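Below: one structure, written as structure tokens.
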Amino acid sequence: MSKTTLKFDKVEKIQPECPHFAECGGCAYQDYLYDEQLKAKQRYMMGLLEKNGLAVDMYEGIKPSPEIYGYRNKMEYSFGDYIKGGELTLGLHKSGRFMDILTTDECRIVDSDFNSIVKCTQEYFRSTNISHYNRKTQQGYLRFLVVRKGKNTGEILINLVTTSQEAKDLTEYTDIINGLNFTGKLCGVLHTVSDSPADAILPENMETLFGRDYIYDKIHGLIFKISPFSFFQTNTLGAEVLYNTIKEYAGDIKVKSILDLYCGTGSIGITLAEQAKEVIGVEIVEEAVQAARENARINDIGNCRFFAGDAGKVLKENEMRPDIIVVDPPRPGIGEKTAEEVVGLAAEKIVYVSCNPVSLMDDLKLLKGKYSIKRMANIDMFPHTKHVESVVLMSKILVI
């Protein structure tokens with residue numbers, strides 16, 4: 001959905017709450033009333049269904065986020081400068097500019113603890129004159145600051161990401177961060193080294209400067225351990241709406257076996273396992289599977305097993321024929337090969353969860369003819385942005 005621009009009816013714009021909005025690339029629609037944002041996203045989804053020739057028995061519209069400000073539990077900030085050669089900045093990219101970093105220490109989609117950490121970090125490193133990483137020259141030390149905070153626990157984890165090009169003592173920085181007056185509780189400060197030229201964090205080494213290297217958060221009373229690089233839904237309260245929708249679409253699962261494809265750290269599977277006969281989660285990333293097993297153990301969930309590897313091989317080894325398949329793939333979707341494997345399992349239902357409407361449409365067309373689309377709902381996990389989450393219930397077409 002990267003090229004998507006939502007279309008709004010002729011409605012008056014409002015004064016955005018965020019002072020960074022005019023320049024920041026993080027939000028696009030804070031200058032529209034939230035109800036208008038939801039209407040625009042719903043029109044977009046209905047237009048995509050029509051354009052792709054996909055019929056839905058019941059399209060249920062878009063469910064709002066419980067919070068439209070301060071909703072994010074994770075932010076990844078970049079070090080850089082606003083003007084080439086200018087003073088150090090820390091925040092998000094300026095809208096439409098890859099190299100320019102805008103200081104965003106009054107951001108409205110995070111709570112005050114995030115903004116305090118950004119402001120403190122920027123002030124400290126400005127005073128030290130330590131270099132920031134330049135994406136073109138690939139020179140410099142400071143790269144990213146990643147902040148996580150448990151919405152339902154208040155636990156905070158800070159990860160400072162640098163290159164290995166300089167050796168710095170970060171004790172003073174850690175002590176200063178520790179001295180901030182948080183509304184939550186600081187549980188860990190980490191230092192990660194990433195020398196990859198990619199504009200993403202590819203950790204090569206990580207040390208704990210303070211506390212521990214994980215936090216906990218809760219969804220529907222279940223506890224989840226969140227490590228620095230594990231996936232966890234960015235809008236915790238929105239995730240509760242999302243998981244309620246998945247549960248509703250799955251229906252009565254007391255005697256059902258569920259396959260959780262792309263299970264990640266197991267949050268969907270563990271949520272369903274409370275009511276299901278059994279859940280098997282499959283994920284290609286070994287670290288995520290280890291985290292999923294740990295999360296099942298923490299919550300004393302005994303009917304939930306997680307495996308790393310190819311779904312077809314895992315199911316064959318376990319001789320499992322799932323009644324329901326839950327699919328929550330990354331942005332590119334499942335693709336033709338996995339779609340064929342899913343169809344071959346002949347499950348009575350598929351609950352497809354998607355963060356990318358375009359790849360969702362492609363995958364639904366791959367499943368068309370074998371499964372019919374019974375219900376579809378959207379969940380607004382990212383207010384003020386173009387992004388929209390989808391949950392689709394598909395039912396196996398019976399051949400008479």
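Numbering starts fresh at 1 for the residues of each chain in the structure tokens, the chains themselves are lettered A, B, ... in the order given, and ligands are numbered from 1 as they appear.
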When you look at stretch 231-244 of chain A with a cut-off of 6 Å (counting only C-alpha atoms), what residues show up, excluding the ones that are within fewer than 3 positions of it in the same chain? I need them as a list of chain:residue names. A:Ser65, A:Tyr71, A:Arg72, A:Asn73, A:Lys74, A:Lys247, A:Met381
From the DSSP assignment of the backbone, select every residue of stretch 156-390 of chain A that is strand (DSSP E), and format the answer as JSON, numbers by chain. {"A": [156, 157, 158, 159, 160, 161, 162, 185, 186, 187, 188, 189, 190, 191, 192, 193, 205, 206, 207, 208, 209, 210, 211, 215, 216, 217, 218, 219, 222, 223, 224, 225, 226, 257, 258, 259, 260, 261, 278, 279, 280, 281, 282, 283, 304, 305, 306, 307, 308, 324, 325, 326, 327, 349, 350, 351, 352, 353, 354, 371, 372, 373, 374, 375, 376, 377, 378, 379, 389, 390]}
Within 9 Å of A:Asp380, counting only C-alpha atoms, which residues qualify if same-chain residues fewer than 5 places away don't, as a ChimeraX atom specification? /A:38,41,62-65,238,387-390
If we count only C-alpha atoms, what is near A:Ala40 at a cut-off of 6 Å, once residues fewer than 6 positions away on the same chain are taken out, given as a ChimeraX atom specification? /A:6-8
So, with only C-alpha atoms as the atoms that count, which of A:Pro357, A:Thr271, A:Ile350, A:Thr163 lies closest to A:Pro197?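 Of all the options, A:Thr163 lies closest to A:Pro197.
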Smallest atom-to-atom distance to A:Glu123: which of A:Ile156, A:Ile176, A:Leu222, A:Val11, using only C-alpha atoms?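 Among the listed residues, A:Ile176 lies closest to A:Glu123.
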Could you pull out the helix (DSSP H, G or I) residues of stretch 167-264 of chain A from DSSP and send them as a PyMOL selection string? chain A and resi 171-178+236-250
Non-local contacts of A:Tyr262 (12 Å; only C-alpha atoms; under 6 positions in same chain excluded) as JSON, numbers by chain: {"A": [231, 268, 269, 280, 281, 282, 283, 284, 285, 286, 288, 289, 292, 306, 307, 308, 309, 310, 311, 325, 326, 327, 328, 329, 330, 331, 333, 334, 338, 352, 353, 354]}
Counting only C-alpha atoms, the option among A:Ile253, A:Ala291, A:Val351, A:Ala296 closest to A:Ala276: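 Looking only at the distances to A:Ala276, the closest residue turns out to be A:Ile253.
Proximity to A:Tyr173 at 10 Å, evaluated using only C-alpha atoms and with sequence-adjacent residues fewer than 6 positions away removed, yields Cys120, Thr121, Tyr124, Phe125, Gly179, Val189 and Leu209 of chain A.
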Go ahead and write the residues just picked, C-alpha atoms, as a PDB file, in the first residue's frame.
ATOM      1  CA  CYS A 120      16.968  13.410  26.255  1.00  0.00           C
ATOM      2  CA  THR A 121      18.883  11.258  23.759  1.00  0.00           C
ATOM      3  CA  TYR A 124      22.938  14.160  25.202  1.00  0.00           C
ATOM      4  CA  PHE A 125      24.506  13.185  21.890  1.00  0.00           C
ATOM      5  CA  GLY A 179      17.218   9.422  35.687  1.00  0.00           C
ATOM      6  CA  VAL A 189      18.705  -0.222  27.885  1.00  0.00           C
ATOM      7  CA  LEU A 209      23.675  -1.716  29.342  1.00  0.00           C
TER       8      LEU A 209
END
Might you pull out every residue within 6 Å of stretch 254-257 of chain A, with only C-alpha atoms counted and same-chain residues fewer than 5 positions away left off, and present them as a VMD selection string? chain A and resid 275 to 279 322 to 323
When you count only C-alpha atoms, which of these residues is closest to A:Glu348: A:Ala377, A:Leu398, A:Ile68, A:Leu102? A:Leu398
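Between A:Glu340 and the residues A:Ile301, A:Leu366, A:Met320, A:Leu170, the shortest atom-to-atom distance, using only C-alpha atoms, involves A:Leu366.
Compared by their closest atoms to A:Glu76, and using only C-alpha atoms, the residues A:Tyr59, A:Tyr249, A:Phe229, A:Phe210 rank with A:Phe229 nearest.
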